[in-house]
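*Asks:* Take this structure, written in structure tokens, and hold onto it; I'll ask about it next.
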Amino acid sequence: MFDNIIAILPELGIAIGQTLTMMAIGLSTAIVLGGPLGILLFLVDEGQSLQHRPISIALSWLVNTIRSFPFIILLVALVPFTRWLIGTSIGPVAASVPLSIAAIPYFARLVEKSCKEVPRGVIEAAHAMGASEWQIVWRVLLVEARAGLVLALTVLAISFLSYSAIAGVVGGGGIGDLAIRYGYYRFQTDVMVVTVTILVTLVQVIQYSGNHLAHKLDKR
Amino acid sequence: MSQPVIRLSAVSKSFPVHDGSTFHAVKNVSLEIAQGDIFGLIGKSGAGKSSLLRLINLLEQPDSGSIIVAGQELTQLNKKALRSARQQIGMIFQQFNLLQNANVFDNVAFPLKIHGTLTKQEIAVRVKQCLAIVGLESKTFSYPAQLSGGQKQRVAIARALASRPQVLLCDEPTSALDAETTREVLDTLRDINQRLGVTIVIVSHELSVLSSLCKHVAVIADGEIAESFAIADTNQLRVTALGRELSCHWHEEHSNTHHKDAAHV
């Protein structure tokens, strides 16, 4: 009964690699671009130190707009952009482009929310001691919100594990794609069970690690 | 009286209210506080005493007026110069406002690190000194969550003292504390005023706190100074109800100590 599974074993290895590639690129972009965007969203919001209504409204509108796209539509809509950027629209690296675009505003909102949980008084105390905005970001916001940020990244990683399955539609590959092609289209239930088991395990591992790290970092 | 270390001249501050009107929190207030003084600001909630305190280090920007602290006109400074000037003005808060994810050492080192004028060793020495002043050397590597309220406030005092300020602003510093720890914190404040000559400005709604700590008091009502007096000066007539109550507290405390002295003899 394991014939199907043995037959797809090499492909399974590749698929796991593809999923991890998409996750790595998507999450890195989210951290590098979405993180600062989230902090900016927080700082220009009403009542914060860089309060700026026009910028706040513009950023918020942009973030909401990108987030309102169903991922599959974003995937297809971005094909020309992906082709221009990567040179192809097929493969895990190409699929990482729409994944990243979706990840940036998603993570930005999560970062903004984590920053909002830092007590206002702590930021005010830093101002009173003469800290600059830059120092407040690095030495206050990121320090005080670090447990929340780790949990935000955990949420993002798990969402994007399932998003990456949809990337199969444009030939992105990955575990989810394998599940659809063999498990669903060819009625190979055993393949479906194996791939889903791998996904379940990955989610459990990600969530457990995230919780563990957040707990270690949180001294409150 | 010695030179004023804080001088506010005709300072006003208003806030927009949600219904579109304006709330005048501080109205044309002028105030001088002498070097080495312990100056109390008292008033009902919403009277503007907290706003007045926060104007002294420009946490609130005044609409008009001048604010001179330690010889510098703060309203004329650019952002960078203001940040540097704030090293002269420590501040503590009702909710302590310590970094929860940093230990006591890093909290006290924070103001020294952000100004970057000291080396690592110098910072370590200064942090140790400040923790000795508040009597918390043994808690150097504890996190705030492991401390009592009174200890947290003393860490906040050590942090505020780290950059050797001339002035310490206290915004309801004991309002989150019980009677016992309140006494602890007041003793620490009195001690740093006497030993280091730090000028203290304290906002509180607790009459007992002000009457036991302050040398001068201003009663704030409706954004204005209703009256201002030296607390030990019993000749000056008190105009406000709060002023009279405060004097009663002061007399009570002092007659108590007299009784105790008598008992000793």
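In the structure tokens, the first chain shown is A, the next is B, and so on; residue numbers restart at 1 for each chain, and ligands run from 1 in the order shown.
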Compile the contact shell of B:Gln76 as number ranges by chain: residues with an atom at most 9 Å away, counting only C-alpha atoms, same-chain residues fewer than 4 positions apart removed.
*Replies:* B: 66, 72, 82
*Asks:* Write to file, as a short mmCIF file (atom, residue, chain, number, x, y, z; two decimals), in the first residue's frame, the residues of the selection just made, with N, CA and C atoms.
*Replies:*
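Result went into part08.cif, see below:
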data_model
loop_
_atom_site.label_atom_id
_atom_site.label_comp_id
_atom_site.auth_asym_id
_atom_site.auth_seq_id
_atom_site.Cartn_x
_atom_site.Cartn_y
_atom_site.Cartn_z
N SER B 66 7.63 81.05 28.54
CA SER B 66 9.02 80.61 28.52
C SER B 66 9.28 79.66 29.67
N GLN B 72 18.78 77.07 30.89
CA GLN B 72 18.49 76.95 29.46
C GLN B 72 17.02 77.21 29.16
N LEU B 82 17.36 69.76 22.91
CA LEU B 82 16.38 69.46 23.96
C LEU B 82 16.66 68.07 24.57
#
*Asks:* May I have a table of the residues of chain A lying at most 9 Å from chain B, giving each one's closest pair of atoms and their distance in Å to one decimal, counting only C-alpha atoms, ordered by chain and ascending residue number, as a tab-separated table?
*Replies:*
residue	atom	partner	partner_atom	distance
A:Pro119	CA	B:Asn97	CA	7.9
A:Arg120	CA	B:Asn97	CA	8.6
A:Gly121	CA	B:Asn97	CA	5.5
A:Val122	CA	B:Asn97	CA	4.6
A:Ile123	CA	B:Asn97	CA	8.2
A:Glu124	CA	B:Leu59	CA	7.9
A:Ala125	CA	B:Asn97	CA	6.4
A:Ala126	CA	B:Pro111	CA	7.9
A:His127	CA	B:Leu59	CA	7.6
A:Ala128	CA	B:Arg86	CA	6.5
A:Met129	CA	B:Pro111	CA	5.8
A:Gly130	CA	B:Arg83	CA	4.0
A:Ala131	CA	B:Ile114	CA	6.1
A:Ser132	CA	B:Arg83	CA	7.4
A:Gln135	CA	B:Ile114	CA	7.1
A:Arg139	CA	B:Phe110	CA	8.5
A:Val140	CA	B:Leu99	CA	7.3
A:Val143	CA	B:Asn101	CA	6.4
A:Glu144	CA	B:Asn101	CA	5.8
A:Ala145	CA	B:Asn101	CA	8.8
A:Arg146	CA	B:Asn101	CA	8.6
A:Leu217	CA	B:Asn101	CA	7.6
A:Asp218	CA	B:Asn101	CA	6.5
A:Lys219	CA	B:Asn101	CA	5.0
A:Arg220	CA	B:Gln100	CA	5.3
*Asks:* Taking C-alpha atoms for each residue, export the selection above as a short mmCIF file (atom, residue, chain, number, x, y, z; two decimals), in the first residue's frame.
*Replies:*
data_model
loop_
_atom_site.label_atom_id
_atom_site.label_comp_id
_atom_site.auth_asym_id
_atom_site.auth_seq_id
_atom_site.Cartn_x
_atom_site.Cartn_y
_atom_site.Cartn_z
CA PRO A 119 2.74 50.76 27.67
CA ARG A 120 2.65 54.37 26.58
CA GLY A 121 4.36 55.49 29.78
CA VAL A 122 7.50 53.50 29.01
CA ILE A 123 7.90 55.32 25.69
CA GLU A 124 7.19 58.61 27.42
CA ALA A 125 9.83 57.89 30.07
CA ALA A 126 12.36 57.28 27.29
CA HIS A 127 11.43 60.64 25.74
CA ALA A 128 11.84 62.30 29.13
CA MET A 129 15.36 60.83 29.37
CA GLY A 130 16.22 62.36 26.00
CA ALA A 131 15.99 59.30 23.73
CA SER A 132 15.70 59.90 19.98
CA GLN A 135 16.65 54.85 20.06
CA ARG A 139 15.90 50.18 22.72
CA VAL A 140 12.29 50.44 23.84
CA VAL A 143 12.84 45.23 23.53
CA GLU A 144 9.43 45.52 25.15
CA ALA A 145 7.49 44.03 22.24
CA ARG A 146 9.92 41.21 21.47
CA LEU A 217 12.12 36.36 25.98
CA ASP A 218 9.22 37.62 28.05
CA LYS A 219 10.36 38.92 31.46
CA ARG A 220 7.13 40.76 32.27
#
*Asks:* Which neighbours of A:Gly38 fall inside 8 Å, counting only C-alpha atoms, when residues of the same chain fewer than 4 positions from it are skipped, and could you give them as a VMD selection string?
*Replies:* chain A and resid 34 42 105 107 to 112
*Asks:* Only N, CA and C atoms, please: the residues just picked out, written as an mmCIF file, in the first residue's frame.
*Replies:*
data_model
loop_
_atom_site.group_PDB
_atom_site.id
_atom_site.type_symbol
_atom_site.label_atom_id
_atom_site.label_comp_id
_atom_site.auth_asym_id
_atom_site.auth_seq_id
_atom_site.Cartn_x
_atom_site.Cartn_y
_atom_site.Cartn_z
ATOM 1 N N GLY A 34 8.328 44.402 6.020
ATOM 2 C CA GLY A 34 7.082 44.529 6.790
ATOM 3 C C GLY A 34 7.323 45.040 8.205
ATOM 4 N N PHE A 42 2.878 52.388 13.361
ATOM 5 C CA PHE A 42 2.659 52.685 14.775
ATOM 6 C C PHE A 42 3.064 54.122 15.108
ATOM 7 N N PRO A 105 2.413 43.467 4.205
ATOM 8 C CA PRO A 105 1.384 44.195 4.967
ATOM 9 C C PRO A 105 0.807 43.381 6.128
ATOM 10 N N PHE A 107 2.451 41.199 8.042
ATOM 11 C CA PHE A 107 3.375 41.287 9.171
ATOM 12 C C PHE A 107 3.396 42.714 9.732
ATOM 13 N N ALA A 108 3.283 43.704 8.826
ATOM 14 C CA ALA A 108 3.289 45.101 9.285
ATOM 15 C C ALA A 108 2.173 45.322 10.311
ATOM 16 N N ARG A 109 0.985 44.802 10.004
ATOM 17 C CA ARG A 109 -0.138 44.961 10.941
ATOM 18 C C ARG A 109 0.139 44.254 12.268
ATOM 19 N N LEU A 110 0.744 43.063 12.179
ATOM 20 C CA LEU A 110 1.046 42.322 13.414
ATOM 21 C C LEU A 110 2.079 43.075 14.250
ATOM 22 N N VAL A 111 3.069 43.670 13.577
ATOM 23 C CA VAL A 111 4.102 44.437 14.291
ATOM 24 C C VAL A 111 3.469 45.669 14.938
ATOM 25 N N GLU A 112 2.604 46.343 14.178
ATOM 26 C CA GLU A 112 1.931 47.524 14.706
ATOM 27 C C GLU A 112 1.161 47.160 15.979
#
*Asks:* Just the residues within 12 Å of A:Ile73, please, counting only C-alpha atoms, with nothing from its chain fewer than 3 positions along; format it as a list in words.
*Replies:*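 The residues satisfying every condition are Ile66, Arg67, Ser68, Phe69, Pro70, Val76, Ala77, Leu78, Val79, Pro98, Leu99, Ala102, Ile166, Ala167, Val169 and Val170 of chain A.
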*Asks:* Can you pull out the residues contacting A:Ser164? Cut-off 12 Å, using only C-alpha atoms, and skip same-chain residues under 6 positions away; I want them as a PyMOL selection string.
*Replies:* chain A and resi 15-16+18-27+71-72+75+91-100+102-103+156-158+170-178+199
*Asks:* Pull N, CA and C atoms from the residues just selected and write them as a CSV table (one decimal), in the first residue's frame.
*Replies:*
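Result file is result-v9.csv:
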chain,number,residue,atom,x,y,z
A,15,ALA,N,9.8,18.7,-2.9
A,15,ALA,CA,8.6,19.6,-2.5
A,15,ALA,C,8.9,20.2,-1.1
A,16,ILE,N,9.4,19.5,-0.2
A,16,ILE,CA,9.7,20.0,1.1
A,16,ILE,C,10.7,21.2,1.0
A,18,GLN,N,11.1,23.0,-1.6
A,18,GLN,CA,10.4,24.2,-2.3
A,18,GLN,C,9.6,24.9,-1.2
A,19,THR,N,8.9,24.2,-0.4
A,19,THR,CA,8.1,24.9,0.6
A,19,THR,C,9.0,25.7,1.5
A,20,LEU,N,10.1,25.1,2.0
A,20,LEU,CA,11.0,25.8,2.9
A,20,LEU,C,11.6,27.0,2.2
A,21,THR,N,11.9,26.9,0.9
A,21,THR,CA,12.4,28.1,0.1
A,21,THR,C,11.4,29.2,0.1
A,22,MET,N,10.2,28.9,-0.2
A,22,MET,CA,9.1,29.9,-0.2
A,22,MET,C,8.9,30.6,1.1
A,23,MET,N,8.9,29.7,2.2
A,23,MET,CA,8.7,30.3,3.5
A,23,MET,C,9.9,31.2,3.9
A,24,ALA,N,11.1,30.7,3.6
A,24,ALA,CA,12.3,31.5,4.0
A,24,ALA,C,12.3,32.9,3.3
A,25,ILE,N,12.0,32.8,2.0
A,25,ILE,CA,12.1,34.1,1.3
A,25,ILE,C,10.9,35.0,1.7
A,26,GLY,N,9.7,34.4,1.8
A,26,GLY,CA,8.6,35.2,2.2
A,26,GLY,C,8.7,35.8,3.6
A,27,LEU,N,9.2,35.0,4.6
A,27,LEU,CA,9.3,35.5,6.0
A,27,LEU,C,10.5,36.5,6.1
A,71,PHE,N,-5.6,35.6,-1.9
A,71,PHE,CA,-4.2,35.3,-2.2
A,71,PHE,C,-4.1,34.8,-3.7
A,72,ILE,N,-5.0,34.0,-4.1
A,72,ILE,CA,-4.9,33.4,-5.4
A,72,ILE,C,-5.0,34.5,-6.5
A,75,LEU,N,-1.7,36.3,-6.6
A,75,LEU,CA,-0.8,35.4,-7.2
A,75,LEU,C,-0.8,35.6,-8.8
A,91,GLY,N,8.0,28.3,-10.5
A,91,GLY,CA,9.0,27.8,-9.6
A,91,GLY,C,8.9,28.5,-8.2
A,92,PRO,N,9.5,27.9,-7.2
A,92,PRO,CA,9.3,28.4,-5.9
A,92,PRO,C,9.8,29.8,-5.7
A,93,VAL,N,10.9,30.2,-6.3
A,93,VAL,CA,11.5,31.5,-6.2
A,93,VAL,C,10.5,32.6,-6.7
A,94,ALA,N,9.9,32.2,-7.9
A,94,ALA,CA,8.9,33.1,-8.5
A,94,ALA,C,7.7,33.2,-7.6
A,95,ALA,N,7.3,32.1,-7.1
A,95,ALA,CA,6.1,32.1,-6.2
A,95,ALA,C,6.3,32.9,-4.9
A,96,SER,N,7.6,33.0,-4.6
A,96,SER,CA,7.9,33.8,-3.4
A,96,SER,C,7.6,35.3,-3.5
A,97,VAL,N,7.5,35.7,-4.8
A,97,VAL,CA,7.3,37.2,-5.0
A,97,VAL,C,5.9,37.5,-4.5
A,98,PRO,N,4.8,36.9,-5.0
A,98,PRO,CA,3.5,37.2,-4.4
A,98,PRO,C,3.4,36.9,-2.9
A,99,LEU,N,4.1,35.8,-2.5
A,99,LEU,CA,4.0,35.5,-1.1
A,99,LEU,C,4.6,36.6,-0.3
A,100,SER,N,5.7,37.2,-0.8
A,100,SER,CA,6.3,38.3,0.0
A,100,SER,C,5.4,39.5,0.0
A,102,ALA,N,2.3,39.6,-0.2
A,102,ALA,CA,1.2,39.4,0.8
A,102,ALA,C,1.7,39.5,2.2
A,103,ALA,N,3.0,39.0,2.4
A,103,ALA,CA,3.5,38.9,3.8
A,103,ALA,C,3.8,40.3,4.4
A,156,LEU,N,2.5,34.4,11.3
A,156,LEU,CA,2.7,34.6,9.9
A,156,LEU,C,3.3,33.4,9.3
A,157,ALA,N,4.2,32.7,9.9
A,157,ALA,CA,4.8,31.5,9.3
A,157,ALA,C,3.8,30.4,9.1
A,158,ILE,N,2.9,30.3,10.0
A,158,ILE,CA,1.8,29.2,9.9
A,158,ILE,C,0.9,29.6,8.7
A,170,VAL,N,0.6,28.4,-9.7
A,170,VAL,CA,1.5,29.0,-10.7
A,170,VAL,C,2.8,28.2,-10.8
A,171,GLY,N,2.8,26.9,-10.5
A,171,GLY,CA,4.0,26.1,-10.6
A,171,GLY,C,5.0,26.4,-9.6
A,172,GLY,N,4.6,26.8,-8.4
A,172,GLY,CA,5.5,27.1,-7.3
A,172,GLY,C,6.0,25.8,-6.6
A,173,GLY,N,5.3,24.8,-6.8
A,173,GLY,CA,5.6,23.5,-6.2
A,173,GLY,C,5.4,23.5,-4.7
A,174,GLY,N,6.0,22.7,-4.0
A,174,GLY,CA,5.8,22.6,-2.5
A,174,GLY,C,5.0,21.5,-2.1
A,175,ILE,N,4.9,21.3,-0.8
A,175,ILE,CA,4.2,20.1,-0.2
A,175,ILE,C,2.7,20.2,-0.5
A,176,GLY,N,2.1,21.4,-0.5
A,176,GLY,CA,0.7,21.5,-0.7
A,176,GLY,C,0.4,21.1,-2.2
A,177,ASP,N,1.2,21.6,-3.1
A,177,ASP,CA,1.1,21.3,-4.5
A,177,ASP,C,1.1,19.8,-4.7
A,178,LEU,N,2.0,19.1,-4.0
A,178,LEU,CA,2.1,17.6,-4.1
A,178,LEU,C,0.8,17.0,-3.7
A,199,LEU,N,2.6,18.5,7.0
A,199,LEU,CA,2.1,19.9,7.2
A,199,LEU,C,1.7,20.1,8.7
*Asks:* Residues within 12 Å of A:Val193, please, as a VMD selection string. Count only C-alpha atoms; anything in the same chain fewer than 2 positions from it doesn't count.
*Replies:* chain A and resid 2 4 to 5 175 to 176 178 to 180 182 to 184 187 to 191 195 to 200
*Asks:* Can you pull out every residue from stretch 150-213 of chain A that DSSP, working from the backbone, puts in alpha helix (DSSP H), and format the result as a ChimeraX atom specification?
*Replies:* /A:150-166,175-178,189-213
*Asks:* Using only C-alpha atoms, which protein or nucleic acid residues come within 9 Å of B:Asn193? Drop anything in the same chain fewer than 4 positions from it, and give the result as a list in words.
*Replies:*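 The contact residues come out as Gly36, Asp37, Ile38, Thr188, Leu189, Gly197, Val198, Thr199 and Ile200 of chain B.
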*Asks:* Write the residues of the selection above to a file with C-alpha atoms, as a tab-separated table (two decimals), in the first residue's frame.
*Replies:*
chain	number	residue	atom	x	y	z
B	36	GLY	CA	17.61	72.56	46.36
B	37	ASP	CA	13.90	73.05	47.03
B	38	ILE	CA	11.26	70.35	47.32
B	188	THR	CA	14.74	58.06	49.40
B	189	LEU	CA	13.55	61.31	47.81
B	197	GLY	CA	21.08	68.80	46.36
B	198	VAL	CA	18.71	67.67	43.61
B	199	THR	CA	15.73	70.00	43.30
B	200	ILE	CA	12.48	68.02	43.47
